[in-house]
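Undergrad: My structure is stored as run_27.cif, with mmCIF, C-alpha atoms and all ligand atoms.
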```cif
data_target
loop_
_atom_site.label_atom_id
_atom_site.label_comp_id
_atom_site.auth_asym_id
_atom_site.auth_seq_id
_atom_site.Cartn_x
_atom_site.Cartn_y
_atom_site.Cartn_z
CA MET A 1 90.25 83.53 120.51
CA LYS A 2 87.55 86.13 120.62
CA ILE A 3 89.40 88.92 118.87
CA ARG A 4 88.16 90.30 115.59
CA ILE A 5 90.32 89.78 112.53
CA ASN A 6 90.37 92.02 109.47
CA GLU A 7 87.32 90.60 107.70
CA HIS A 8 88.35 92.19 104.42
CA PHE A 9 90.91 89.41 104.00
CA GLY A 10 87.85 87.36 103.08
CA ASP A 11 87.50 89.54 99.98
CA ILE A 12 90.82 88.53 98.46
CA LYS A 13 91.79 85.23 96.86
CA GLU A 14 93.06 82.67 99.34
CA SER A 15 96.61 82.78 98.03
CA TYR A 16 98.75 85.08 95.95
CA LEU A 17 98.84 84.20 92.22
CA PHE A 18 102.50 83.21 92.22
CA SER A 19 102.03 80.95 95.25
CA ASP A 20 99.29 79.11 93.33
CA ILE A 21 101.61 78.67 90.38
CA ALA A 22 104.45 77.46 92.60
CA LYS A 23 102.13 74.88 94.19
CA ARG A 24 101.13 73.43 90.80
CA VAL A 25 104.72 73.40 89.57
CA ASN A 26 105.99 71.73 92.76
CA ALA A 27 103.29 69.06 92.54
CA TYR A 28 104.29 68.42 88.93
CA SER A 29 108.03 68.16 89.72
CA GLU A 30 107.40 65.80 92.62
CA ALA A 31 105.37 63.52 90.36
CA ASN A 32 107.89 63.84 87.48
CA PRO A 33 111.32 64.17 89.12
CA GLY A 34 113.35 63.66 85.91
CA LYS A 35 111.69 66.42 83.88
CA LYS A 36 113.51 69.72 83.41
CA ILE A 37 111.18 72.66 83.90
CA ILE A 38 111.73 76.00 82.15
CA ARG A 39 110.35 78.91 84.13
CA LEU A 40 108.98 81.79 82.09
CA GLY A 41 106.35 82.53 84.71
CA ILE A 42 107.17 84.66 87.73
CA GLY A 43 108.91 87.89 86.72
CA ASP A 44 112.22 87.23 88.47
CA VAL A 45 115.52 88.15 86.86
CA THR A 46 118.29 85.61 86.22
CA LEU A 47 121.41 87.72 85.58
CA PRO A 48 123.64 88.71 88.52
CA LEU A 49 124.28 92.16 89.96
CA THR A 50 126.66 94.19 87.79
CA PRO A 51 130.35 94.97 88.62
CA ALA A 52 129.71 98.58 89.73
CA VAL A 53 127.03 97.41 92.18
CA ILE A 54 129.11 94.54 93.54
CA ALA A 55 132.15 96.81 94.05
CA ALA A 56 130.00 99.34 95.94
CA MET A 57 128.55 96.60 98.14
CA HIS A 58 132.03 95.25 98.97
CA ARG A 59 133.21 98.71 99.95
CA ALA A 60 130.15 99.22 102.12
CA VAL A 61 130.58 95.84 103.81
CA ASP A 62 134.16 96.82 104.70
CA GLU A 63 132.87 100.09 106.20
CA MET A 64 130.50 98.09 108.37
CA ALA A 65 133.50 96.15 109.76
CA SER A 66 135.10 99.19 111.39
CA ALA A 67 133.77 101.14 114.39
CA ASP A 68 134.70 104.43 112.67
CA THR A 69 132.60 103.80 109.57
CA PHE A 70 129.96 101.41 110.90
CA ARG A 71 126.34 102.54 110.36
CA GLY A 72 123.34 101.59 112.46
CA TYR A 73 119.75 102.55 111.72
CA ALA A 74 119.47 104.16 108.32
CA PRO A 75 117.30 107.27 107.90
CA GLU A 76 113.68 106.20 107.25
CA TYR A 77 113.53 108.00 103.91
CA GLY A 78 116.96 106.97 102.66
CA TYR A 79 120.48 108.38 103.00
CA ASP A 80 120.93 111.74 101.30
CA PHE A 81 123.64 110.30 99.05
CA LEU A 82 121.08 107.91 97.53
CA ARG A 83 118.20 110.39 97.32
CA GLU A 84 120.54 112.75 95.49
CA ALA A 85 121.83 110.01 93.19
CA ILE A 86 118.23 109.11 92.29
CA ALA A 87 117.43 112.77 91.61
CA ASP A 88 120.50 112.83 89.28
CA TYR A 89 119.19 109.73 87.55
CA TYR A 90 115.87 111.50 86.91
CA ALA A 91 117.75 114.59 85.71
CA ARG A 92 119.44 112.41 83.08
CA LEU A 93 115.93 111.38 81.98
CA GLY A 94 115.08 115.09 81.67
CA VAL A 95 112.97 115.22 84.86
CA ASN A 96 113.77 117.58 87.73
CA LEU A 97 113.02 116.34 91.22
CA ARG A 98 114.30 117.44 94.60
CA ALA A 99 116.10 114.78 96.63
CA GLY A 100 113.64 115.41 99.50
CA GLU A 101 110.75 114.36 97.25
CA ILE A 102 112.24 110.87 96.89
CA PHE A 103 111.53 108.28 99.61
CA VAL A 104 113.79 105.23 99.46
CA SER A 105 112.36 101.85 100.40
CA ASP A 106 112.93 98.11 100.20
CA GLY A 107 111.01 97.93 96.91
CA ALA A 108 107.95 99.05 95.05
CA LYS A 109 105.72 96.22 96.27
CA SER A 110 105.88 97.37 99.89
CA ASP A 111 105.36 101.02 99.01
CA ILE A 112 102.42 100.33 96.69
CA GLY A 113 100.87 97.96 99.22
CA ASN A 114 101.45 100.36 102.13
CA PHE A 115 100.26 103.48 100.37
CA VAL A 116 96.61 102.76 101.29
CA ASP A 117 97.66 103.65 104.87
CA ILE A 118 97.72 107.37 104.09
CA LEU A 119 94.53 107.49 102.03
CA GLY A 120 90.95 107.58 103.20
CA ASN A 121 88.00 105.78 101.74
CA ASN A 122 88.09 106.84 98.10
CA ASP A 123 86.73 105.44 94.86
CA ILE A 124 89.53 103.40 93.37
CA LEU A 125 90.14 102.86 89.65
CA ILE A 126 92.32 99.92 88.71
CA PRO A 127 92.94 98.56 85.22
CA ASP A 128 92.12 94.89 84.62
CA PRO A 129 94.34 92.92 84.01
CA VAL A 130 96.98 94.29 86.37
CA TYR A 131 99.79 93.60 88.85
CA PRO A 132 97.76 91.99 91.70
CA VAL A 133 99.14 94.15 94.53
CA TYR A 134 96.98 97.18 93.60
CA VAL A 135 93.77 95.18 93.89
CA ASP A 136 94.64 93.08 96.92
CA SER A 137 95.98 95.97 99.02
CA ASN A 138 92.77 97.92 98.43
CA LEU A 139 90.48 94.95 99.09
CA MET A 140 92.36 94.18 102.31
CA SER A 141 91.48 97.61 103.58
CA GLY A 142 87.88 97.44 102.44
CA ARG A 143 88.06 99.92 99.55
CA ARG A 144 85.62 100.05 96.63
CA ILE A 145 87.28 99.24 93.32
CA THR A 146 86.01 100.07 89.86
CA TYR A 147 87.86 98.14 87.19
CA LEU A 148 89.01 99.76 83.97
CA GLU A 149 88.75 97.22 81.20
CA ALA A 150 91.99 96.73 79.29
CA ASN A 151 91.50 94.69 76.14
CA ALA A 152 92.73 94.19 72.59
CA GLY A 153 90.28 96.94 71.50
CA ASN A 154 91.98 99.66 73.55
CA GLY A 155 95.49 98.22 73.13
CA PHE A 156 95.38 97.22 76.82
CA LEU A 157 95.65 100.92 77.66
CA PRO A 158 92.38 102.09 79.22
CA MET A 159 91.73 105.83 79.02
CA PRO A 160 89.52 108.10 81.14
CA ASP A 161 86.91 108.80 78.40
CA GLY A 162 83.39 108.34 79.64
CA LEU A 163 84.27 108.05 83.34
CA PRO A 164 81.99 109.94 85.73
CA GLU A 165 83.74 113.16 86.74
CA LYS A 166 84.54 112.60 90.40
CA PRO A 167 87.70 112.20 92.46
CA TYR A 168 89.36 108.80 92.29
CA VAL A 169 92.58 107.16 93.26
CA ILE A 170 93.80 105.81 89.92
CA TYR A 171 96.46 103.12 89.49
CA LEU A 172 98.44 103.15 86.23
CA CYS A 173 101.37 100.94 85.31
CA SER A 174 103.50 101.68 82.26
CA PRO A 175 105.18 99.66 80.79
CA ASN A 176 102.46 97.39 82.01
CA ASN A 177 102.71 94.18 83.91
CA PRO A 178 101.29 91.85 82.59
CA THR A 179 100.41 93.15 79.11
CA GLY A 180 103.62 94.99 78.17
CA ALA A 181 101.51 97.93 76.89
CA VAL A 182 103.07 101.42 77.25
CA TYR A 183 101.30 104.77 77.53
CA SER A 184 102.45 107.55 75.20
CA ALA A 185 103.08 111.06 76.54
CA ALA A 186 99.79 112.17 74.94
CA GLN A 187 97.83 109.39 76.66
CA LEU A 188 99.42 110.11 80.03
CA GLY A 189 98.65 113.77 79.39
CA GLU A 190 94.94 112.84 79.12
CA TRP A 191 95.09 110.98 82.42
CA VAL A 192 96.83 113.89 84.11
CA ALA A 193 94.26 116.34 82.69
CA PHE A 194 91.45 114.09 83.98
CA ALA A 195 93.06 113.88 87.43
CA LEU A 196 93.57 117.63 87.66
CA GLN A 197 90.01 118.31 86.56
CA THR A 198 88.41 115.84 88.97
CA GLY A 199 90.77 116.29 91.91
CA SER A 200 91.99 112.70 91.56
CA LEU A 201 95.31 111.16 92.55
CA ILE A 202 97.22 108.92 90.13
CA LEU A 203 99.51 106.23 91.54
CA PHE A 204 101.95 105.54 88.72
CA ASP A 205 104.10 102.42 88.70
CA SER A 206 107.22 102.79 86.54
CA ALA A 207 108.99 99.61 87.68
CA TYR A 208 109.75 98.65 84.06
CA GLU A 209 110.77 102.09 82.74
CA SER A 210 114.24 101.01 81.67
CA TYR A 211 112.76 98.52 79.19
CA ILE A 212 111.38 101.40 77.12
CA SER A 213 113.27 101.85 73.88
CA GLY A 214 110.65 103.79 71.92
CA ASP A 215 109.46 107.35 72.36
CA TYR A 216 107.49 106.93 75.60
CA PRO A 217 107.89 108.70 78.96
CA HIS A 218 110.18 106.89 81.43
CA SER A 219 108.72 108.95 84.26
CA VAL A 220 105.22 110.38 84.51
CA TYR A 221 106.78 113.70 85.58
CA ALA A 222 107.84 114.22 81.97
CA VAL A 223 104.15 115.09 81.51
CA GLU A 224 103.09 118.64 82.37
CA GLY A 225 100.88 118.91 85.43
CA ALA A 226 101.86 115.49 86.80
CA ARG A 227 103.64 117.00 89.81
CA SER A 228 100.28 118.14 91.18
CA CYS A 229 98.43 114.84 90.88
CA VAL A 230 100.78 111.85 90.62
CA VAL A 231 102.83 109.72 92.99
CA GLU A 232 105.43 107.60 91.16
CA PHE A 233 106.72 104.24 92.39
CA CYS A 234 109.93 102.85 90.95
CA SER A 235 112.23 99.96 91.70
CA LEU A 236 115.69 98.62 90.94
CA SER A 237 114.37 95.05 90.89
CA LYS A 238 114.02 94.66 87.16
CA THR A 239 116.37 97.42 86.06
CA ALA A 240 119.42 96.40 88.04
CA GLY A 241 118.64 92.85 89.22
CA PHE A 242 117.68 93.91 92.77
CA THR A 243 114.81 91.42 93.20
CA GLY A 244 116.73 89.77 96.04
CA THR A 245 118.73 92.83 97.13
CA ARG A 246 115.61 95.00 97.61
CA CYS A 247 115.57 98.70 96.88
CA GLY A 248 113.06 101.03 95.30
CA TRP A 249 111.62 104.48 95.87
CA THR A 250 108.47 106.53 95.84
CA VAL A 251 108.28 110.09 94.58
CA LEU A 252 105.91 112.56 96.24
CA PRO A 253 106.34 116.02 94.71
CA GLU A 254 105.86 119.05 96.96
CA GLU A 255 102.74 120.09 95.06
CA LEU A 256 100.73 117.01 96.11
CA GLU A 257 98.16 118.15 98.60
CA ALA A 258 94.69 117.04 99.68
CA GLY A 259 92.48 118.95 102.13
CA GLY A 260 95.38 121.30 102.91
CA VAL A 261 97.69 118.41 103.87
CA LYS A 262 100.88 117.62 101.93
CA LEU A 263 100.90 113.97 100.89
CA GLY A 264 104.70 113.92 101.21
CA ARG A 265 104.37 114.78 104.91
CA LEU A 266 101.82 112.02 105.47
CA TRP A 267 104.01 109.46 103.73
CA ALA A 268 107.04 110.65 105.72
CA ARG A 269 105.03 110.22 108.93
CA ARG A 270 103.82 106.79 107.90
CA GLN A 271 107.32 105.62 107.01
CA ALA A 272 108.84 107.07 110.17
CA THR A 273 106.39 105.03 112.24
CA LYS A 274 106.31 101.75 110.36
CA PHE A 275 109.58 101.50 108.41
CA ASN A 276 113.15 101.51 109.63
CA GLY A 277 115.06 102.13 106.44
CA VAL A 278 116.99 100.15 103.85
CA PRO A 279 120.34 98.60 104.89
CA TYR A 280 123.38 100.85 104.32
CA VAL A 281 125.09 98.25 102.11
CA VAL A 282 122.01 98.06 99.89
CA GLN A 283 121.73 101.83 99.63
CA ARG A 284 125.38 102.05 98.51
CA ALA A 285 124.59 99.33 95.95
CA ALA A 286 121.55 101.32 94.79
CA GLU A 287 123.65 104.49 94.52
CA ALA A 288 126.00 102.60 92.20
CA ALA A 289 123.08 101.16 90.22
CA VAL A 290 121.64 104.59 89.38
CA SER A 291 125.07 106.12 88.61
CA ALA A 292 125.92 106.64 84.92
CA GLN A 293 128.33 103.66 85.00
CA GLY A 294 125.98 101.36 86.93
CA HIS A 295 123.05 102.23 84.72
CA ALA A 296 125.09 101.57 81.56
CA GLU A 297 125.99 98.13 82.95
CA ALA A 298 122.39 97.42 83.90
CA MET A 299 121.24 98.37 80.42
CA GLU A 300 123.44 95.60 79.00
CA HIS A 301 121.32 93.20 81.01
CA VAL A 302 118.13 94.88 79.83
CA ARG A 303 119.32 94.40 76.24
CA TYR A 304 120.05 90.74 76.96
CA TYR A 305 116.50 90.22 78.24
CA MET A 306 115.02 92.16 75.34
CA GLU A 307 116.84 89.84 72.93
CA ASN A 308 115.00 86.99 74.68
CA ALA A 309 111.79 88.94 74.14
CA ARG A 310 112.62 89.22 70.43
CA ILE A 311 113.22 85.44 70.22
CA LEU A 312 109.86 84.73 71.87
CA ALA A 313 108.08 87.37 69.75
CA ASP A 314 109.51 85.98 66.48
CA PHE A 315 108.28 82.54 67.44
CA LEU A 316 104.76 83.76 68.24
CA ARG A 317 104.63 85.62 64.89
CA GLU A 318 105.84 82.52 63.07
CA LYS A 319 102.98 80.54 64.62
CA GLY A 320 100.40 83.27 64.01
CA ILE A 321 99.68 83.54 67.75
CA TRP A 322 98.28 86.97 68.63
CA PHE A 323 100.33 88.83 71.21
CA THR A 324 101.26 92.26 72.47
CA GLY A 325 104.22 93.55 74.52
CA GLY A 326 107.82 92.40 74.26
CA GLU A 327 108.98 95.65 72.64
CA ASN A 328 109.22 98.15 75.49
CA SER A 329 108.66 95.56 78.14
CA PRO A 330 110.06 92.19 79.22
CA TYR A 331 106.55 90.70 79.12
CA LEU A 332 104.75 89.11 76.18
CA TRP A 333 101.00 88.84 76.49
CA LEU A 334 99.49 86.29 74.18
CA ARG A 335 96.06 84.94 73.37
CA CYS A 336 95.94 81.25 74.30
CA PRO A 337 95.89 79.20 71.10
CA GLY A 338 92.93 76.93 70.29
CA LYS A 339 90.59 79.05 72.46
CA MET A 340 92.06 77.44 75.57
CA GLY A 341 91.43 79.06 78.95
CA SER A 342 94.43 80.59 80.76
CA TRP A 343 94.80 77.85 83.38
CA GLU A 344 94.05 75.18 80.76
CA PHE A 345 96.92 76.51 78.63
CA PHE A 346 99.13 76.71 81.74
CA ASP A 347 98.54 72.99 82.44
CA TYR A 348 98.90 72.11 78.74
CA LEU A 349 102.38 73.69 78.61
CA LEU A 350 103.47 72.31 81.97
CA GLN A 351 102.35 68.75 81.23
CA ASN A 352 103.57 68.56 77.64
CA VAL A 353 106.70 70.69 77.43
CA GLN A 354 107.43 71.56 81.08
CA ILE A 355 107.25 75.29 80.45
CA VAL A 356 105.83 77.52 83.17
CA GLY A 357 104.09 80.73 82.16
CA THR A 358 101.52 82.86 83.97
CA PRO A 359 97.79 82.47 83.33
CA GLY A 360 96.33 85.83 82.28
CA GLU A 361 93.29 85.21 84.43
CA GLY A 362 95.49 85.56 87.51
CA PHE A 363 95.80 89.27 86.73
CA GLY A 364 92.06 89.92 86.53
CA LYS A 365 88.87 88.93 84.71
CA CYS A 366 89.92 90.55 81.44
CA GLY A 367 93.02 88.34 81.42
CA GLU A 368 90.90 85.23 80.82
CA GLY A 369 92.09 83.49 77.62
CA TYR A 370 95.48 85.26 77.77
CA PHE A 371 98.88 84.15 78.97
CA ARG A 372 102.06 85.97 80.04
CA LEU A 373 105.58 84.91 79.13
CA THR A 374 108.62 86.69 80.49
CA ALA A 375 111.94 87.45 78.83
CA PHE A 376 113.81 87.17 82.15
CA GLY A 377 115.10 83.62 81.51
CA ARG A 378 118.66 82.75 80.51
CA ARG A 379 119.25 82.75 76.74
CA GLU A 380 119.74 78.97 76.53
CA ALA A 381 116.52 78.36 78.49
CA THR A 382 114.56 80.79 76.31
CA GLU A 383 115.87 79.12 73.14
CA GLU A 384 115.10 75.69 74.51
CA ALA A 385 111.61 76.84 75.44
CA VAL A 386 111.01 78.02 71.87
CA ALA A 387 112.31 74.71 70.48
CA ARG A 388 109.94 72.77 72.76
CA LEU A 389 107.00 75.05 71.91
CA ARG A 390 107.69 74.71 68.18
CA ASN A 391 107.08 70.97 68.47
CA LEU A 392 103.88 71.44 70.45
CA LEU A 393 101.96 74.42 69.04
N1 LIG B 1 105.34 96.92 90.20
C1 LIG B 1 105.20 96.02 89.23
C2 LIG B 1 104.33 96.35 88.08
C3 LIG B 1 105.84 94.79 89.30
O1 LIG B 1 105.67 93.90 88.34
C4 LIG B 1 106.65 94.51 90.43
C5 LIG B 1 107.33 93.24 90.58
O2 LIG B 1 107.13 92.28 89.93
C6 LIG B 1 106.74 95.47 91.41
C7 LIG B 1 106.09 96.67 91.28
C8 LIG B 1 107.48 95.19 92.68
O3 LIG B 1 108.79 95.41 92.61
P1 LIG B 1 109.74 95.27 93.88
O4 LIG B 1 110.59 94.07 93.61
O5 LIG B 1 110.50 96.55 93.88
O6 LIG B 1 108.93 95.12 95.11
#
```
Using the file provided, produce a representation of the structure as C-alpha cells.

TA:
Amino acid sequence: MKIRINEHFGDIKESYLFSDIAKRVNAYSEANPGKKIIRLGIGDVTLPLTPAVIAAMHRAVDEMASADTFRGYAPEYGYDFLREAIADYYARLGVNLRAGEIFVSDGAKSDIGNFVDILGNNDILIPDPVYPVYVDSNLMSGRRITYLEANAGNGFLPMPDGLPEKPYVIYLCSPNNPTGAVYSAAQLGEWVAFALQTGSLILFDSAYESYISGDYPHSVYAVEGARSCVVEFCSLSKTAGFTGTRCGWTVLPEELEAGGVKLGRLWARRQATKFNGVPYVVQRAAEAAVSAQGHAEAMEHVRYYMENARILADFLREKGIWFTGGENSPYLWLRCPGKMGSWEFFDYLLQNVQIVGTPGEGFGKCGEGYFRLTAFGRREATEEAVARLRNLL
C-alpha cells in the first residue's frame, strides 16, 4: 500500500510490557509443562465480584429480557443514576463533585490513553518509573516527554522543585503503580500550586485510591485549588474486581478551562464522537459497587489483598531486601538482590521457583534494578510463593 501510517508508532517499544512477560512465561511453560507457575506479575485481581454487584447485574440482565425495560445505546457519558452514585461516593470521601462533571467509561486505561485527543502539542511531564500508558499514548501522538526521576532519594515521589516555570501536562499517579508510593496532601498541594502558577494541567490517576489506609488524599480534589487544574481518572478495576467487567470514570470539574474553552466540553465532544457508552448491566453493577454496601464488600477484598502485601513485606524485611510500597498500595517495589538487573531477576525467579513478577525496567529507565510484586494473588499462592522464595533468596 502507499498510504502513510502513524510514524510515531516507531517511537514506542514493539510490544506492551505485559505482552513481553506473557511471551516469556508461555515459552517457559511450554518447555516445562509440569511446573506450577505463581503469577505475581500483571496487576490482575483474583477474587470474584461481590454479592451486591452480582445481585445488581442479575437484576439488570432480567430488565434486558423484557421489551418494557430493555435498554439500547447507553448515554455516552454514563447513565445519570451512575454519575450520581459516583458523586455520592466522592461525597463520602469528603469531596463535592457534580454528577455532570463525571464521565463514565469502560475503564481508566482507555480514558488516559484517549485523553491526548483533546490536547494540543504541549510539554509533557511524566514520572519514571510509571504505568506505561502515559508514556506510550503520548509517544504515539508525537508529543515531547520530559521524565521526572523517581528514585529511592525522593521516595519515588518526584516534586516540581527546580522545574522551569512553563505550562506542562503533568501525569501523577497516587498510590503509584509500580512503586506503591503515595503523595501526601501537602505534596499534592505543591503540585497544584505549581500547576496554577504555570498554567499547567495535572492528569491524576487514582486507580488505587481504595488501598490507602493512612492519612493520604483518596482524591486530588481534597486539595484546595485542584478543581482548576486537575483531571482525575479512577477505575473500579482494582477496587471492586472490575478488571474483566470494565468500568471507570474521568472527572473534569467545571473550572477547567484553556484558551477560553472548557475541557469538560471538549471531552464530552470527544466521547460523543468516539465512544458509545458502557453497557447498562455494567453500569448497574458499578452503581452497586460504589454504594455504601458494595463498597464495604469491596473493602473486604482490599483487606484480603493487603494481608497478602503484609506477608510479602514481612518476607522481604526478613531477608533484608530493600523495598517500598505494600502499605497503601497492592504493589511492592523491591531492589533486585545481588545487584541483578530487572530482567535477569525476572528470569532467575521464573527458572528457579516459577514465580512471575514484573521487571522494574519495564516501567522506565529509573526502574532498572527494581522489581514489582503484586498482592493480587490468592492467599495460598502468595504463601507458597514466599515459601519458594525463602529457599532461593
Ligand atoms: N491506572 C493505573 C495506574 C493502572 O495500574 C491501571 C491498571 O492496571 C489502570 C489505570 C487501568 O485501569 P482500567 O482497568 O480501569 O483500565

Undergrad: For Tyr280 in chain A, which residue among A:Thr179, A:Gln354, A:Thr324, A:Ser105 is the nearest when counting only C-alpha atoms?

TA: A:Ser105

Undergrad: Please identify the residues whose atoms come within 8 Å of ligand LIG 1 (chain B), using all atoms listed in the file, and report them as number ranges by chain.

TA: A: 42-44, 106-112, 130-131, 173-174, 176-178, 205-208, 233-238, 242-244, 246-248

Undergrad: So how far away is CA of Glu255 in chain A from CA of Gly225 in chain A, in Å?

TA: 9.9 Å

Undergrad: Listed atoms of range 13-29 of chain A, axis-aligned box, 6 Å per side: centre and edge lengths to one decimal in Å, as JSON?

TA:
```
{"center_x": 99.9, "center_y": 76.7, "center_z": 94.1, "size_x": 28.2, "size_y": 29.1, "size_z": 22.4}
```

Undergrad: Enter the distance from CA of Ser15 in chain A to CA of Glu30 in chain A, in Å, rounded to one decimal.

TA: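 Those two atoms sit 20.8 Å apart.
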
Undergrad: Would you kindly return, as a VMD selection string, each protein, DNA or RNA residue with an atom no farther than 7 Å from any atom of Ile38 in chain A, considering all atoms listed in the file and excluding same-chain residues fewer than 6 positions away?

TA: chain A and resid 354 to 356 381 385

Undergrad: I want to know what sits within 7 Å of range 119-125 of chain A, based on all atoms listed in the file, with residues of the same chain fewer than 4 positions away left out; could you give that as a PyMOL selection string?

TA: chain A and resi 143-148+168-171

Undergrad: Pick from A:Pro158, A:Gly338, A:Gly259, A:Gly100: nearest to Asp128 in chain A, with all atoms listed in the file counted?

TA: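 Of A:Pro158, A:Gly338, A:Gly259, A:Gly100, the one nearest Asp128 in chain A, counting all atoms listed in the file, is A:Pro158.
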
Undergrad: To one decimal place, how far is CA of Gly214 in chain A from CA of Met299 in chain A in Å?

TA: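 Straight-line distance from CA of Gly214 in chain A to CA of Met299 in chain A works out to 14.6 Å.
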
Undergrad: Taking into account all atoms listed in the file, which residue in the set A:Val251, A:Leu40, A:Ile212, A:Val282 is nearest to Ile21 in chain A?

TA: A:Leu40

Undergrad: Near Glu300 in chain A, within 10 Å and counting only C-alpha atoms, which residues show up once chain neighbours fewer than 6 positions away are dropped, as JSON, numbers by chain?

TA: {"A": [50, 240, 306]}

Undergrad: Taking all atoms listed in the file into account, which of A:Ile126, A:Ile118, A:Val290, A:Leu49 comes nearest Leu263 in chain A?

TA: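 Smallest distance to Leu263 in chain A is found for A:Ile118.
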
Undergrad: Name the residues within 12 Å of (86.1, 89.9, 84.4), counting all atoms listed in the file in the file's coordinates, and put them as number ranges by chain.

TA: A: 127-130, 146-151, 360-369

Undergrad: So which residues are close to (101.8, 111.8, 82.1), meaning at most 10 Å away in the file's coordinates with all atoms listed in the file counted, and can you show them as a VMD selection string?

TA: chain A and resid 183 to 193 202 204 216 to 227 229 to 230

Undergrad: Near Thr198 in chain A, within 7 Å and counting all atoms listed in the file, which residues show up once chain neighbours fewer than 4 positions away are dropped, as an mmCIF file with C-alpha atoms, keeping the file's coordinate frame?

TA:
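Written out: around-v5.cif:
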```
data_model
loop_
_atom_site.group_PDB
_atom_site.id
_atom_site.type_symbol
_atom_site.label_atom_id
_atom_site.label_comp_id
_atom_site.auth_asym_id
_atom_site.auth_seq_id
_atom_site.Cartn_x
_atom_site.Cartn_y
_atom_site.Cartn_z
ATOM 1 C CA GLU A 165 83.740 113.160 86.740
ATOM 2 C CA LYS A 166 84.540 112.600 90.400
ATOM 3 C CA PRO A 167 87.700 112.200 92.460
ATOM 4 C CA PHE A 194 91.450 114.090 83.980
#
```

Undergrad: From the list A:Thr245, A:Asn391, A:Asn96, A:Asn154, which residue is nearest Val53 in chain A when using all atoms listed in the file?

TA: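 With all atoms listed in the file as the atom set, the closest residue is A:Thr245.
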
Undergrad: Thr382 in chain A: which residues within 10 Å, counting only C-alpha atoms, same-chain residues fewer than 6 positions away excluded, as a ChimeraX atom specification?

TA: /A:38-40,305,307-309,311-312,374-376,388

Undergrad: Check the smallest atom-to-atom distance from each of A:Phe371, A:Pro279, A:Glu327, A:Asn26 to Val302 in chain A using only C-alpha atoms, then report the winner.

TA: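 Closest residue, counting only C-alpha atoms: A:Glu327.
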